[in-house]
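The structure under discussion appears below in the form of structure tokens.
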Amino acid sequence: MGEVRWEGKQGRLEIYYDDLTGRWYALQSVEAEIDRVESAKRAYADLGVVNIITAWIEDERQCVAFSGKQLLSDWWYWTEKISEHQSELKRVNGRNTSKRLRKLYRRRQQRFRHAINTIVRRFVGLCCERGVGEIVVGDVSRIRENNDKGNKINAMIHNFWSFRYIIERLRTTAENFGIGVKLVGESGTSSRCPWCGSENVRRRKRLFKCLSCGIEAHRDVVGVLNIARLHGDGSNGVLAHPLLLRVKEGAEVKADATPMSMKPSEARITPL
Ligand SMILES: [Zn+2]
């Protein structure tokens, strides 16, 4: 029997049987009242695959990026297991499906969701610590410029990736902390320099270079600062590269080594 997390008026009780695990589950909804955080401070977030969330919180000197590398490699591990089992099924008894196969699919999805939830909770926790009242998120209804991500990642995006799920988790988790979430359009967030406003820019893979002011920046930072420029009060003097964060199971958020091509003088990091 699980514990009840929220106190409040209890709503419908749903009971269902899961034939894959052979267990019964009960879901009880509870109405809880949560006060909205009264703060004009905003956080801006850009969603991606290599970095799941890149974010800038107003007044901070550096963006933070939550790496998706571990999540991606885990996903590939289970995908390989799935395809091994699939070919075995065909070879041995000419079948396309089995209980084990369905379990493997579910395992992959559960691990993905668990990793996303961990990242989202860490991000929202950070927003909470910094007194953020609203998170402004670029709505990724279509994947931008995915031609440089390589075949593996493209295959994953087309077959599996769910930004909807990430956005939904972000919204629910933030609401539980009394923080609002606003979805905004993403158009034009990568074609302009957020430091000087010039459109004379060059983009190559993860890097962005402005030919007018000369800044070289990480593309996800450009994306998120442009969201701030278009949907907030803008940003000034924010560093061009994010502080990379890796979220490990059950561990605290750890900062990676100095982000790439960052000058040593700029490498001061605000500890989380
Ligand atoms: Zn510029």
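Ordered as shown in the structure tokens, chains take letters A, B, and onward, while each chain numbers its residues from 1 and ligands are numbered from 1 in the order shown.
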
Within 10 Å of ligand 1, counting only C-alpha atoms and all ligand atoms: which residues, as a PyMOL selection string?
chain A and resi 192-201+208-217

Could those residues be written to a file, using N, CA and C atoms, as a CSV table (one decimal), in the first residue's frame?
chain,number,residue,atom,x,y,z
A,192,ARG,N,18.8,34.6,-34.7
A,192,ARG,CA,19.2,36.0,-34.4
A,192,ARG,C,20.2,35.9,-33.2
A,193,CYS,N,21.1,36.9,-33.1
A,193,CYS,CA,22.0,36.9,-32.0
A,193,CYS,C,21.3,37.6,-30.8
A,194,PRO,N,21.2,36.9,-29.7
A,194,PRO,CA,20.5,37.5,-28.5
A,194,PRO,C,21.4,38.5,-27.8
A,195,TRP,N,22.7,38.7,-28.1
A,195,TRP,CA,23.5,39.7,-27.5
A,195,TRP,C,23.4,41.0,-28.2
A,196,CYS,N,23.4,41.0,-29.6
A,196,CYS,CA,23.4,42.3,-30.3
A,196,CYS,C,22.2,42.4,-31.2
A,197,GLY,N,21.4,41.4,-31.4
A,197,GLY,CA,20.2,41.4,-32.3
A,197,GLY,C,20.5,41.2,-33.8
A,198,SER,N,21.7,41.0,-34.1
A,198,SER,CA,22.0,40.8,-35.6
A,198,SER,C,21.5,39.5,-36.1
A,199,GLU,N,21.1,39.5,-37.4
A,199,GLU,CA,20.7,38.3,-38.0
A,199,GLU,C,21.8,37.7,-38.9
A,200,ASN,N,23.0,38.4,-38.8
A,200,ASN,CA,24.1,38.0,-39.6
A,200,ASN,C,24.9,36.9,-38.8
A,201,VAL,N,24.3,35.7,-38.8
A,201,VAL,CA,24.9,34.7,-37.9
A,201,VAL,C,25.2,33.4,-38.7
A,208,PHE,N,27.2,28.4,-32.5
A,208,PHE,CA,26.5,29.6,-33.1
A,208,PHE,C,27.6,30.7,-33.1
A,209,LYS,N,27.7,31.3,-34.2
A,209,LYS,CA,28.6,32.5,-34.3
A,209,LYS,C,28.0,33.7,-34.9
A,210,CYS,N,28.1,34.8,-34.2
A,210,CYS,CA,27.5,36.1,-34.7
A,210,CYS,C,28.6,36.8,-35.4
A,211,LEU,N,28.4,37.1,-36.7
A,211,LEU,CA,29.4,37.8,-37.5
A,211,LEU,C,29.4,39.3,-37.2
A,212,SER,N,28.4,39.8,-36.6
A,212,SER,CA,28.4,41.2,-36.2
A,212,SER,C,29.2,41.5,-35.0
A,213,CYS,N,28.9,40.8,-33.9
A,213,CYS,CA,29.6,41.1,-32.6
A,213,CYS,C,30.6,40.1,-32.3
A,214,GLY,N,30.7,39.0,-33.1
A,214,GLY,CA,31.8,38.1,-32.9
A,214,GLY,C,31.6,37.0,-31.8
A,215,ILE,N,30.5,37.1,-31.2
A,215,ILE,CA,30.4,36.1,-30.1
A,215,ILE,C,30.2,34.7,-30.6
A,216,GLU,N,30.8,33.7,-29.9
A,216,GLU,CA,30.6,32.3,-30.2
A,216,GLU,C,29.8,31.7,-29.1
A,217,ALA,N,28.7,31.0,-29.4
A,217,ALA,CA,27.9,30.6,-28.3
A,217,ALA,C,27.4,29.1,-28.5

Do you know which residues are at most 12 Å from Leu183 (chain A) counting only C-alpha atoms, after dropping those on the same chain fewer than 5 positions away, and could you put them as JSON, numbers by chain?
{"A": [44, 45, 46, 47, 134, 135, 136, 137, 138, 139, 140, 141, 164, 167, 168, 170, 171, 227, 231]}

Grab the CA of Ile34 (chain A) to CA of Asn176 (chain A) distance for me, in Å with one decimal place.
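Answer for the CA of Ile34 (chain A) to CA of Asn176 (chain A) separation: 6.9 Å.
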
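One finds CA of Thr189 (chain A) at 20.8 Å from CA of Ser162 (chain A).
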
Near Leu207 (chain A), counting only C-alpha atoms, which residues have an atom at most 7 Å away, once you skip same-chain residues fewer than 2 positions from it, shown as a list in words?
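With the cut-off at 7 Å, the set is Arg203, Arg204, Lys205, Lys209, Ala217, His218 and Arg219 of chain A.
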
Can you write just those residues out, C-alpha atoms, as a PDB file, in the first residue's frame?
ATOM      1  CA  ARG A 203      25.319  28.050 -37.256  1.00  0.00           C
ATOM      2  CA  ARG A 204      27.240  24.829 -37.332  1.00  0.00           C
ATOM      3  CA  LYS A 205      26.179  21.829 -35.305  1.00  0.00           C
ATOM      4  CA  LYS A 209      28.635  32.462 -34.264  1.00  0.00           C
ATOM      5  CA  ALA A 217      27.892  30.554 -28.271  1.00  0.00           C
ATOM      6  CA  HIS A 218      26.305  27.220 -27.588  1.00  0.00           C
ATOM      7  CA  ARG A 219      23.195  26.834 -29.719  1.00  0.00           C
TER       8      ARG A 219
END

Residue list (helix (DSSP H, G or I), DSSP) for region 19-215 of chain A, as a ChimeraX atom specification
/A:69-93,99-129,146-148,150-159,163-176

What's around Val238 (chain A) at 10 Å? Count only C-alpha atoms, leave out sequence neighbours fewer than 2 positions away in its own chain, and write the answer as a compact mmCIF listing (two decimals) with C-alpha atoms, in the first residue's frame.
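Result saved to result-v4.txt:
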# COMPACT_ATOMS: atom_id res chain seq x y z
CA TRP A 56 18.08 30.64 -17.95
CA GLU A 58 16.50 35.89 -14.63
CA ASP A 59 19.43 37.59 -12.85
CA GLU A 60 21.70 34.56 -13.30
CA ARG A 61 24.96 35.00 -15.18
CA GLN A 62 24.89 31.56 -16.75
CA CYS A 63 22.39 29.18 -18.27
CA PRO A 194 20.54 37.46 -28.52
CA TRP A 195 23.49 39.68 -27.50
CA VAL A 221 21.95 29.01 -24.96
CA LEU A 225 18.10 33.64 -24.50
CA SER A 235 18.94 39.18 -21.02
CA ASN A 236 22.17 41.07 -20.64
CA ALA A 240 27.62 32.13 -24.04
CA HIS A 241 27.92 28.58 -22.75
CA PRO A 242 25.79 26.66 -20.29

Between CA of Lys81 (chain A) and CA of Val50 (chain A), what distance in Å does the model show, to one decimal?
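Separation between CA of Lys81 (chain A) and CA of Val50 (chain A): 22.2 Å.
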
Write out as a PyMOL selection string the set of residues from region 159-259 of chain A that DSSP, computed on the backbone, places in strand (DSSP E).
chain A and resi 180-184+201-204+207-210+216-218+243-246+254-255

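The smallest atom-to-atom distance between Asp74 (chain A) and any of A:Gly48, A:Thr54, A:Asn96, A:Gln109, using only C-alpha atoms, is found for A:Gln109.
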
Please identify all polymer residues within 10 Å of His85 (chain A), counting only C-alpha atoms, omitting same-chain residues fewer than 5 positions from it, and present them as a PyMOL selection string.
chain A and resi 79-80+90-91+96-98+100-101+104

Excluding Arg12 (chain A) and its own-chain neighbours fewer than 4 positions away, which residues fall within 10 Å of it when counting only C-alpha atoms? Please give them as a compact mmCIF listing (two decimals) with N, CA and C atoms, in the first residue's frame.
# COMPACT_ATOMS: atom_id res chain seq x y z
N LEU A 27 -5.45 4.03 -7.99
CA LEU A 27 -5.12 5.45 -8.14
C LEU A 27 -6.20 6.27 -7.46
N GLN A 28 -5.77 7.12 -6.57
CA GLN A 28 -6.75 7.95 -5.88
C GLN A 28 -6.41 9.42 -6.14
N SER A 29 -7.35 10.14 -6.71
CA SER A 29 -7.07 11.56 -6.93
C SER A 29 -7.46 12.37 -5.69
N VAL A 30 -6.68 13.41 -5.45
CA VAL A 30 -6.91 14.25 -4.27
C VAL A 30 -6.89 15.70 -4.73

Restricting the calculation to only C-alpha atoms: of A:Ala228, A:Leu20, A:Val184, A:Leu13, which residue gets closest to Ala43 (chain A)?
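Smallest separation from Ala43 (chain A) among the options: A:Ala228.
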